[in-house]
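Next comes target-v5.cif, with mmCIF, C-alpha atoms and all ligand atoms.
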data_target
#
loop_
_atom_site.label_atom_id
_atom_site.label_comp_id
_atom_site.auth_asym_id
_atom_site.auth_seq_id
_atom_site.Cartn_x
_atom_site.Cartn_y
_atom_site.Cartn_z
CA MET A 1 12.31 -19.65 -26.54
CA ALA A 2 15.82 -19.30 -25.21
CA LYS A 3 17.15 -17.45 -28.22
CA LYS A 4 14.24 -15.09 -28.52
CA ASN A 5 14.29 -14.11 -24.90
CA THR A 6 17.87 -12.96 -24.45
CA ASN A 7 16.73 -9.41 -23.90
CA LYS A 8 14.11 -10.35 -21.30
CA LYS A 9 16.54 -12.57 -19.49
CA THR A 10 18.96 -9.70 -19.12
CA VAL A 11 16.36 -7.51 -17.49
CA ALA A 12 15.29 -10.24 -15.10
CA GLU A 13 18.88 -11.09 -14.34
CA ILE A 14 19.85 -7.53 -13.59
CA VAL A 15 16.91 -7.01 -11.29
CA THR A 16 17.30 -10.30 -9.49
CA GLN A 17 21.02 -9.72 -9.04
CA ARG A 18 20.26 -6.38 -7.41
CA PHE A 19 17.80 -8.10 -5.16
CA ILE A 20 20.37 -10.69 -4.17
CA ASP A 21 23.03 -8.01 -3.58
CA ALA A 22 20.65 -6.05 -1.40
CA LEU A 23 19.67 -9.14 0.55
CA GLU A 24 23.27 -10.14 1.09
CA LYS A 25 24.11 -6.74 2.46
CA ASP A 26 21.04 -7.05 4.64
CA SER A 27 20.27 -3.47 3.82
CA ILE A 28 17.36 -3.01 1.49
CA PRO A 29 17.77 0.53 0.25
CA TRP A 30 14.18 1.31 0.81
CA ILE A 31 13.15 4.69 -0.34
CA LYS A 32 9.54 5.63 -0.17
CA PRO A 33 9.13 7.40 -3.48
CA TRP A 34 6.05 9.37 -2.55
CA ASP A 35 5.13 11.95 0.03
CA ASP A 36 2.13 11.22 2.17
CA TRP A 37 -0.75 13.60 1.96
CA LYS A 38 -1.75 14.57 5.42
CA SER A 39 -5.26 14.10 6.76
CA TRP A 40 -6.74 16.17 9.51
CA SER A 41 -9.88 16.75 11.49
CA ARG A 42 -11.99 19.71 10.42
CA ASN A 43 -13.11 19.96 14.01
CA THR A 44 -9.70 20.40 15.62
CA GLY A 45 -7.34 20.97 12.69
CA ASP A 46 -5.10 18.28 14.19
CA PHE A 47 -3.36 15.88 11.82
CA TYR A 48 -4.33 12.25 12.02
CA GLN A 49 -1.56 9.99 13.22
CA GLY A 50 -0.46 6.40 12.80
CA ALA A 51 -2.89 4.03 11.16
CA ASN A 52 -5.35 6.84 10.55
CA LEU A 53 -2.89 8.31 8.12
CA LEU A 54 -3.05 5.11 6.10
CA THR A 55 -6.79 4.56 6.19
CA THR A 56 -7.56 8.08 5.01
CA SER A 57 -6.57 9.46 1.65
CA GLY A 58 -5.51 12.98 2.58
CA GLY A 59 -7.19 16.30 3.25
CA GLU A 60 -9.77 17.61 5.67
CA TYR A 61 -12.27 15.24 7.27
CA ILE A 62 -15.59 15.76 8.92
CA THR A 63 -17.84 13.35 10.78
CA PHE A 64 -21.51 13.03 9.97
CA ASN A 65 -22.47 14.79 13.19
CA GLN A 66 -20.01 17.63 12.68
CA ALA A 67 -21.35 18.12 9.17
CA LYS A 68 -24.85 18.29 10.53
CA ALA A 69 -23.84 20.81 13.20
CA GLU A 70 -22.19 23.04 10.60
CA GLY A 71 -25.06 22.69 8.16
CA ILE A 72 -22.80 21.01 5.62
CA LYS A 73 -24.35 18.55 3.23
CA ILE A 74 -22.43 15.37 2.48
CA ASN A 75 -22.89 14.48 -1.19
CA LYS A 76 -25.04 11.53 -2.12
CA GLY A 77 -22.87 8.47 -2.65
CA ALA A 78 -19.91 10.03 -0.83
CA LYS A 79 -17.59 7.30 0.39
CA SER A 80 -16.81 7.37 4.06
CA GLU A 81 -13.32 6.58 5.30
CA MET A 82 -12.53 5.18 8.72
CA ILE A 83 -10.47 6.39 11.61
CA VAL A 84 -9.88 4.85 15.00
CA LYS A 85 -9.50 6.57 18.32
CA TYR A 86 -7.97 4.94 21.36
CA THR A 87 -8.91 5.97 24.83
CA GLU A 88 -6.95 4.90 27.87
CA TYR A 89 -8.92 3.98 30.96
CA MET A 90 -8.61 1.86 34.10
CA ARG A 91 -10.51 -1.42 33.84
CA LYS A 92 -11.93 -3.14 36.89
CA ILE A 93 -10.93 -6.80 37.22
CA SER A 94 -11.55 -9.30 40.02
CA LYS A 95 -8.49 -10.64 41.79
CA GLU A 96 -9.31 -14.20 40.62
CA ASP A 97 -9.54 -13.13 37.00
CA PHE A 98 -6.37 -11.12 37.39
CA GLN A 99 -4.50 -14.13 38.63
CA ALA A 100 -6.09 -16.52 36.16
CA ALA A 101 -4.95 -14.27 33.33
CA GLY A 102 -1.40 -14.43 34.64
CA TYR A 103 -1.11 -10.67 35.16
CA VAL A 104 1.41 -9.31 37.61
CA VAL A 105 1.07 -6.33 39.93
CA THR A 106 3.03 -3.36 38.64
CA ASP A 107 3.07 0.39 39.39
CA ARG A 108 0.25 0.82 36.95
CA VAL A 109 -2.10 -1.59 38.70
CA GLU A 110 -4.39 -0.08 41.35
CA ASP A 111 -5.27 -2.30 44.30
CA HIS A 112 -8.82 -1.56 45.47
CA GLY A 113 -8.96 -4.29 48.12
CA ASP A 114 -11.58 -6.57 46.54
CA PHE A 115 -10.46 -5.93 43.01
CA TYR A 116 -7.74 -4.41 40.86
CA LYS A 117 -7.93 -1.71 38.27
CA ILE A 118 -5.63 -2.20 35.31
CA PRO A 119 -4.79 0.10 32.39
CA ALA A 120 -6.79 -0.72 29.29
CA ARG A 121 -7.47 0.83 25.94
CA SER A 122 -10.82 1.15 24.30
CA VAL A 123 -11.07 1.60 20.61
CA LYS A 124 -13.76 3.49 18.78
CA TYR A 125 -14.28 3.60 15.05
CA TYR A 126 -15.51 6.70 13.31
CA ASN A 127 -16.66 7.16 9.77
CA VAL A 128 -15.39 10.42 8.36
CA PHE A 129 -15.98 12.18 5.08
CA ASN A 130 -13.52 14.20 3.06
CA VAL A 131 -14.75 17.79 2.73
CA THR A 132 -14.32 17.47 -1.02
CA GLU A 133 -17.24 15.03 -0.80
CA CYS A 134 -19.48 17.72 0.66
CA THR A 135 -21.50 20.42 -1.07
CA ASP A 136 -20.09 23.95 -0.77
CA ALA A 137 -17.76 23.11 2.08
CA GLU A 138 -14.62 25.19 2.01
CA GLN A 139 -11.60 23.63 3.64
CA LYS A 140 -11.32 25.24 7.04
CA HIS A 141 -7.66 24.66 7.88
CA ASP A 142 -4.95 25.81 5.52
CA HIS A 143 -2.60 22.83 5.69
CA LYS A 144 -0.36 22.47 2.65
CA GLN A 145 0.09 19.15 0.90
CA PRO A 146 3.33 18.15 -0.84
CA ARG A 147 3.02 18.45 -4.62
CA HIS A 148 5.66 17.46 -7.13
CA GLU A 149 5.70 18.32 -10.80
CA TRP A 150 6.94 16.04 -13.50
CA ASP A 151 5.95 15.20 -17.07
CA ALA A 152 3.76 12.20 -17.69
CA ILE A 153 5.24 9.65 -20.07
CA GLU A 154 2.81 9.17 -22.91
CA GLU A 155 3.54 5.53 -23.71
CA ALA A 156 3.44 4.55 -20.04
CA GLU A 157 0.03 6.22 -19.70
CA ARG A 158 -1.25 4.49 -22.82
CA ILE A 159 -0.15 1.06 -21.61
CA GLN A 160 -1.62 1.55 -18.14
CA LYS A 161 -4.90 2.79 -19.53
CA ALA A 162 -5.26 -0.04 -22.03
CA TYR A 163 -4.56 -2.70 -19.41
CA ILE A 164 -6.84 -1.13 -16.81
CA GLU A 165 -9.70 -1.01 -19.32
CA LYS A 166 -9.15 -4.54 -20.49
CA SER A 167 -8.84 -6.07 -17.02
CA GLY A 168 -11.75 -4.16 -15.49
CA LEU A 169 -9.50 -3.05 -12.66
CA ASP A 170 -10.68 -0.20 -10.45
CA VAL A 171 -8.09 2.45 -9.76
CA GLN A 172 -8.09 4.80 -6.85
CA THR A 173 -5.50 7.56 -6.96
CA ALA A 174 -6.15 9.15 -3.58
CA GLY A 175 -4.21 7.46 -0.81
CA ASN A 176 -0.97 7.21 1.08
CA GLN A 177 -0.56 3.48 0.78
CA PRO A 178 -0.32 2.00 -2.71
CA LEU A 179 -1.83 -1.48 -2.74
CA TYR A 180 -3.73 -4.10 -4.67
CA SER A 181 -6.85 -5.62 -3.19
CA PRO A 182 -7.41 -9.14 -4.55
CA SER A 183 -10.91 -9.31 -3.08
CA GLY A 184 -12.04 -6.00 -4.53
CA HIS A 185 -9.84 -6.19 -7.64
CA TYR A 186 -8.77 -2.59 -7.29
CA ILE A 187 -5.49 -0.80 -6.87
CA VAL A 188 -4.55 2.33 -4.95
CA THR A 189 -1.73 4.17 -6.67
CA GLY A 190 -1.41 7.48 -4.87
CA ARG A 191 -1.88 10.81 -6.63
CA PRO A 192 0.71 11.54 -9.32
CA GLU A 193 1.70 14.78 -7.56
CA GLN A 194 2.60 12.81 -4.44
CA PHE A 195 5.50 11.23 -6.30
CA LYS A 196 8.92 12.76 -6.53
CA SER A 197 9.45 11.83 -10.18
CA ALA A 198 7.87 10.10 -13.15
CA ALA A 199 10.06 7.08 -12.43
CA ALA A 200 8.87 6.94 -8.82
CA TYR A 201 5.25 7.13 -9.91
CA TYR A 202 5.38 4.57 -12.70
CA SER A 203 7.47 2.05 -10.80
CA THR A 204 4.90 2.18 -7.99
CA SER A 205 1.82 1.96 -10.18
CA PHE A 206 3.38 -0.79 -12.30
CA HIS A 207 4.12 -2.73 -9.10
CA GLU A 208 0.42 -2.66 -8.23
CA LEU A 209 -0.63 -3.46 -11.79
CA ILE A 210 1.59 -6.54 -11.74
CA HIS A 211 -0.08 -7.65 -8.48
CA SER A 212 -3.44 -7.26 -10.18
CA THR A 213 -2.58 -9.99 -12.70
CA GLN A 214 -2.35 -12.63 -9.98
CA LYS A 215 -5.82 -14.07 -10.52
CA GLU A 216 -5.64 -14.20 -14.25
CA LEU A 217 -2.21 -15.78 -14.18
CA ASN A 218 -2.96 -18.20 -11.34
CA ARG A 219 -0.36 -17.02 -8.89
CA GLU A 220 -1.08 -17.84 -5.30
CA THR A 221 -3.93 -15.81 -3.87
CA GLY A 222 -6.24 -15.89 -0.91
CA ALA A 223 -5.13 -16.81 2.57
CA ALA A 224 -1.64 -17.79 1.49
CA PHE A 225 -1.05 -14.38 -0.01
CA ARG A 226 -2.58 -12.46 2.84
CA GLY A 227 -0.06 -13.60 5.34
CA SER A 228 -0.64 -17.05 6.77
CA ASP A 229 2.20 -18.07 4.52
CA GLY A 230 4.83 -15.37 4.44
CA LYS A 231 6.71 -17.19 1.74
CA ALA A 232 3.89 -16.80 -0.77
CA LYS A 233 3.65 -13.12 0.00
CA ALA A 234 7.38 -12.59 -0.38
CA ARG A 235 7.30 -14.38 -3.70
CA GLU A 236 4.41 -12.28 -4.91
CA GLU A 237 6.28 -9.12 -3.91
CA LEU A 238 9.25 -10.30 -5.86
CA VAL A 239 7.06 -10.85 -8.91
CA ALA A 240 5.64 -7.33 -8.53
CA GLU A 241 9.08 -5.74 -8.23
CA ILE A 242 10.67 -7.65 -11.09
CA GLY A 243 7.60 -7.14 -13.29
CA ALA A 244 7.60 -3.40 -12.60
CA ALA A 245 11.31 -3.19 -13.33
CA TYR A 246 10.70 -5.03 -16.59
CA LEU A 247 8.05 -2.54 -17.66
CA MET A 248 10.30 0.35 -16.68
CA SER A 249 13.07 -1.15 -18.73
CA TYR A 250 10.78 -1.70 -21.72
CA LEU A 251 9.75 1.96 -21.57
CA GLY A 252 13.31 3.12 -21.06
CA ILE A 253 12.46 4.90 -17.82
CA GLU A 254 15.55 5.26 -15.69
CA ASN A 255 15.07 4.15 -12.14
CA GLY A 256 18.00 3.59 -9.84
CA TYR A 257 16.72 0.31 -8.51
CA SER A 258 15.08 0.47 -5.16
CA ILE A 259 12.56 -1.84 -3.65
CA ASN A 260 9.98 0.81 -3.54
CA ASN A 261 6.94 -0.71 -2.01
CA SER A 262 6.33 -0.21 1.65
CA GLU A 263 5.69 -3.91 2.05
CA ALA A 264 9.31 -4.49 1.18
CA TYR A 265 10.70 -3.22 4.39
CA VAL A 266 8.69 -5.53 6.55
CA LYS A 267 11.36 -7.70 8.10
CA SER A 268 9.52 -10.98 7.67
CA TRP A 269 9.25 -10.31 3.98
CA ILE A 270 12.99 -10.17 3.67
CA SER A 271 13.76 -13.14 5.87
CA ASN A 272 11.18 -15.19 4.02
CA LEU A 273 12.96 -14.46 0.83
CA LYS A 274 16.31 -15.34 2.31
CA ASN A 275 14.99 -18.72 3.42
CA ASP A 276 13.57 -19.36 -0.01
CA PRO A 277 16.50 -19.59 -2.41
CA ASN A 278 14.30 -20.67 -5.30
CA ALA A 279 12.07 -17.62 -5.00
CA ILE A 280 13.89 -15.63 -7.62
CA LEU A 281 13.97 -18.50 -10.09
CA TRP A 282 10.25 -18.93 -9.55
CA ALA A 283 9.42 -15.24 -9.66
CA ALA A 284 11.35 -14.00 -12.69
CA PRO A 285 9.38 -15.86 -15.39
CA LYS A 286 6.09 -15.12 -13.56
CA ALA A 287 7.01 -11.45 -13.48
CA ILE A 288 7.74 -11.38 -17.19
CA GLU A 289 4.50 -13.20 -17.94
CA ALA A 290 2.61 -10.58 -15.92
CA ALA A 291 4.43 -7.65 -17.53
CA GLU A 292 3.72 -9.04 -20.98
CA LEU A 293 0.05 -9.47 -20.17
CA ILE A 294 -0.05 -5.74 -19.36
CA LEU A 295 1.87 -4.82 -22.50
CA ALA A 296 -0.31 -7.07 -24.63
CA ALA A 297 -3.42 -5.15 -23.58
CA ALA A 298 -1.88 -2.14 -25.31
CA GLY A 299 -0.98 -4.19 -28.36
CA VAL A 300 2.70 -4.37 -27.47
CA LYS A 301 4.49 -7.60 -28.19
CA VAL A 302 8.03 -7.83 -26.94
CA ASN A 303 10.70 -9.57 -29.04
CA GLN A 304 8.36 -11.14 -31.54
ZN ZN B 401 3.41 -5.21 -3.37
#
Target format structure tokens, applied to this file:
Amino acid sequence: MAKKNTNKKTVAEIVTQRFIDALEKDSIPWIKPWDDWKSWSRNTGDFYQGANLLTTSGGEYITFNQAKAEGIKINKGAKSEMIVKYTEYMRKISKEDFQAAGYVVTDRVEDHGDFYKIPARSVKYYNVFNVTECTDAEQKHDHKQPRHEWDAIEEAERIQKAYIEKSGLDVQTAGNQPLYSPSGHYIVTGRPEQFKSAAAYYSTSFHELIHSTQKELNRETGAAFRGSDGKAKAREELVAEIGAAYLMSYLGIENGYSINNSEAYVKSWISNLKNDPNAILWAAPKAIEAAELILAAAGVKVNQ
């Protein structure tokens, strides 16, 4: 094993060393390698903000009722997306409950004698539909989306396609937040034109593809991965990053190393890794195993 794998070891070593360097400097050079596609309301033309930007995949959105009012037909089987709206209001609360909850009287609390009114937020969820999911609905607002041009890399496409077919993974390109869903066994990659370069695109999609091997390769999944144990999540991220870097290296795609997934800049992620000195030793062989599973689907065997 040791002799055969000299090449692999080098890749893993280079990547892990960069990780360690970055961690030691406490400055992860996080660069988001894609541009978000904006989403907006057909009704107002206003851009969605905050979380709504992440839960929608970009473009113009219409609610069921707005569609009805405009005489627009939502296509059969159209997938709704979800947005939230917060409304501020003053909530009535008895003085006993106020005290029992340990609240304190501030400028924002209204004293009504028998009771207080305190600021509260109500949240409402709306299902919205992209106008591209409607019949004959022209986009109403002329908002421009960022679009980058770069040449697809044939071998990278072939490998991705072969693995996706073999693993039965669902792939969704529309979206501003690349991710892998273990429960749904699908990935969101983002649209190719959202990425600034071929390297940015492939390193991101490979990262998600590596995540998608976690069931087959028995890496920790479930509750541990989803956050009750930050250590497991940090380790899985490390696997995804090293695995993606390995695939990039195999394909000879130049990528100035950056931890490119948005998850990476979550502080807890980094501190978890720092408190887990064995993470890299654990992750590197897992990452290579995952990368080779992906390559094998396309009939590629490394160093054999
Ligand atoms: Zn990730």
Inset, instruction - Rank nothing, just name the residue among A:Asp142, A:Asp97, A:Phe115, A:Glu236 nearest to Phe47 (chain A), using all atoms listed in the file. - result: A:Asp142
Legend entry - Counting only C-alpha atoms and all ligand atoms, the option among A:Ala290, A:Leu295, A:Val300, A:Ala244 closest to ligand ZN 401 (chain B):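 With only C-alpha atoms and all ligand atoms as the atom set, the closest residue is A:Ala244.
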Legend entry - Minimum-distance residue to Gln66 (chain A), chosen among A:Ala291, A:Val131, A:Val84, A:Leu209 (using only C-alpha atoms):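 Going through A:Ala291, A:Val131, A:Val84, A:Leu209 one by one, the smallest distance to Gln66 (chain A) is for A:Val131.
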Legend entry - Given only C-alpha atoms as the counted atoms, nearest of A:Lys117, A:Ser122, A:Cys134, A:Gly58 to Lys76 (chain A):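 Of all the options, A:Cys134 lies closest to Lys76 (chain A).
Nearest residue to ligand ZN 401 (chain B) among A:Pro285, A:Gly184, A:Pro178, A:Gly299 is A:Pro178, counting all atoms listed in the file.
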Inset, instruction - Would you please work out which residue, of A:Ala152, A:Thr135, A:Leu238, A:Leu217, is nearest to Glu292 (chain A) when using all atoms listed in the file? - result: A:Leu217
Inset, instruction - Would you kindly return, as a list in words, each protein, DNA or RNA residue with an atom no farther than 9 Å from any atom of Gln145 (chain A), considering only C-alpha atoms and excluding same-chain residues fewer than 5 positions away? - result: Asp35, Asp36, Trp37, Lys38, Gly58, Gly59 and Gln194 of chain A
Inset, instruction - May I have the protein, DNA and RNA residues with any atom at most 9 Å from the point (-6.0, 2.1, -8.2), counting all atoms listed in the file, written as an NGL selection string? - result: :A and (169-174 or 178-180 or 186-190 or 205 or 208-209)
Find the nearest atom pair between each residue of region 88-191 of chain A and region 71-75 of chain A for residues within 10 Å, count only C-alpha atoms, give distances in Å to one decimal, sort rows by chain and ascending number, and present the table as a tab-separated table.
residue	atom	partner	partner_atom	distance
A:Phe129	CA	A:Ile74	CA	7.7
A:Asn130	CA	A:Ile74	CA	9.0
A:Val131	CA	A:Ile74	CA	8.1
A:Thr132	CA	A:Asn75	CA	9.1
A:Glu133	CA	A:Asn75	CA	5.7
A:Cys134	CA	A:Ile74	CA	4.2
A:Thr135	CA	A:Lys73	CA	5.5
A:Asp136	CA	A:Ile72	CA	7.5
A:Ala137	CA	A:Ile72	CA	6.5
A:Glu138	CA	A:Ile72	CA	9.9
Create the file for the chosen residues now, containing C-alpha atoms and written as a CSV table (one decimal), in the frame of the given file.
chain,number,residue,atom,x,y,z
A,129,PHE,CA,-16.0,12.2,5.1
A,130,ASN,CA,-13.5,14.2,3.1
A,131,VAL,CA,-14.8,17.8,2.7
A,132,THR,CA,-14.3,17.5,-1.0
A,133,GLU,CA,-17.2,15.0,-0.8
A,134,CYS,CA,-19.5,17.7,0.7
A,135,THR,CA,-21.5,20.4,-1.1
A,136,ASP,CA,-20.1,24.0,-0.8
A,137,ALA,CA,-17.8,23.1,2.1
A,138,GLU,CA,-14.6,25.2,2.0
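Atom to atom, CA of Glu237 (chain A) and atom ZN of ligand ZN 401 (chain B) stand 4.9 Å apart.
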Legend entry - Separation of CA of Lys124 (chain A) from CA of Glu70 (chain A) in Å: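 Here the two named atoms are 22.8 Å from each other.
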Legend entry - Interatomic distance (Å, one decimal) between CA of Arg121 (chain A) and CA of Met90 (chain A):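 Calculated distance between CA of Arg121 (chain A) and CA of Met90 (chain A) is 8.3 Å.
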Inset, instruction - Show which residues sit within 10 Å of Asp114 (chain A), as a PyMOL selection string. Count all atoms listed in the file, and ignore same-chain residues fewer than 4 positions away. - result: chain A and resi 93-96
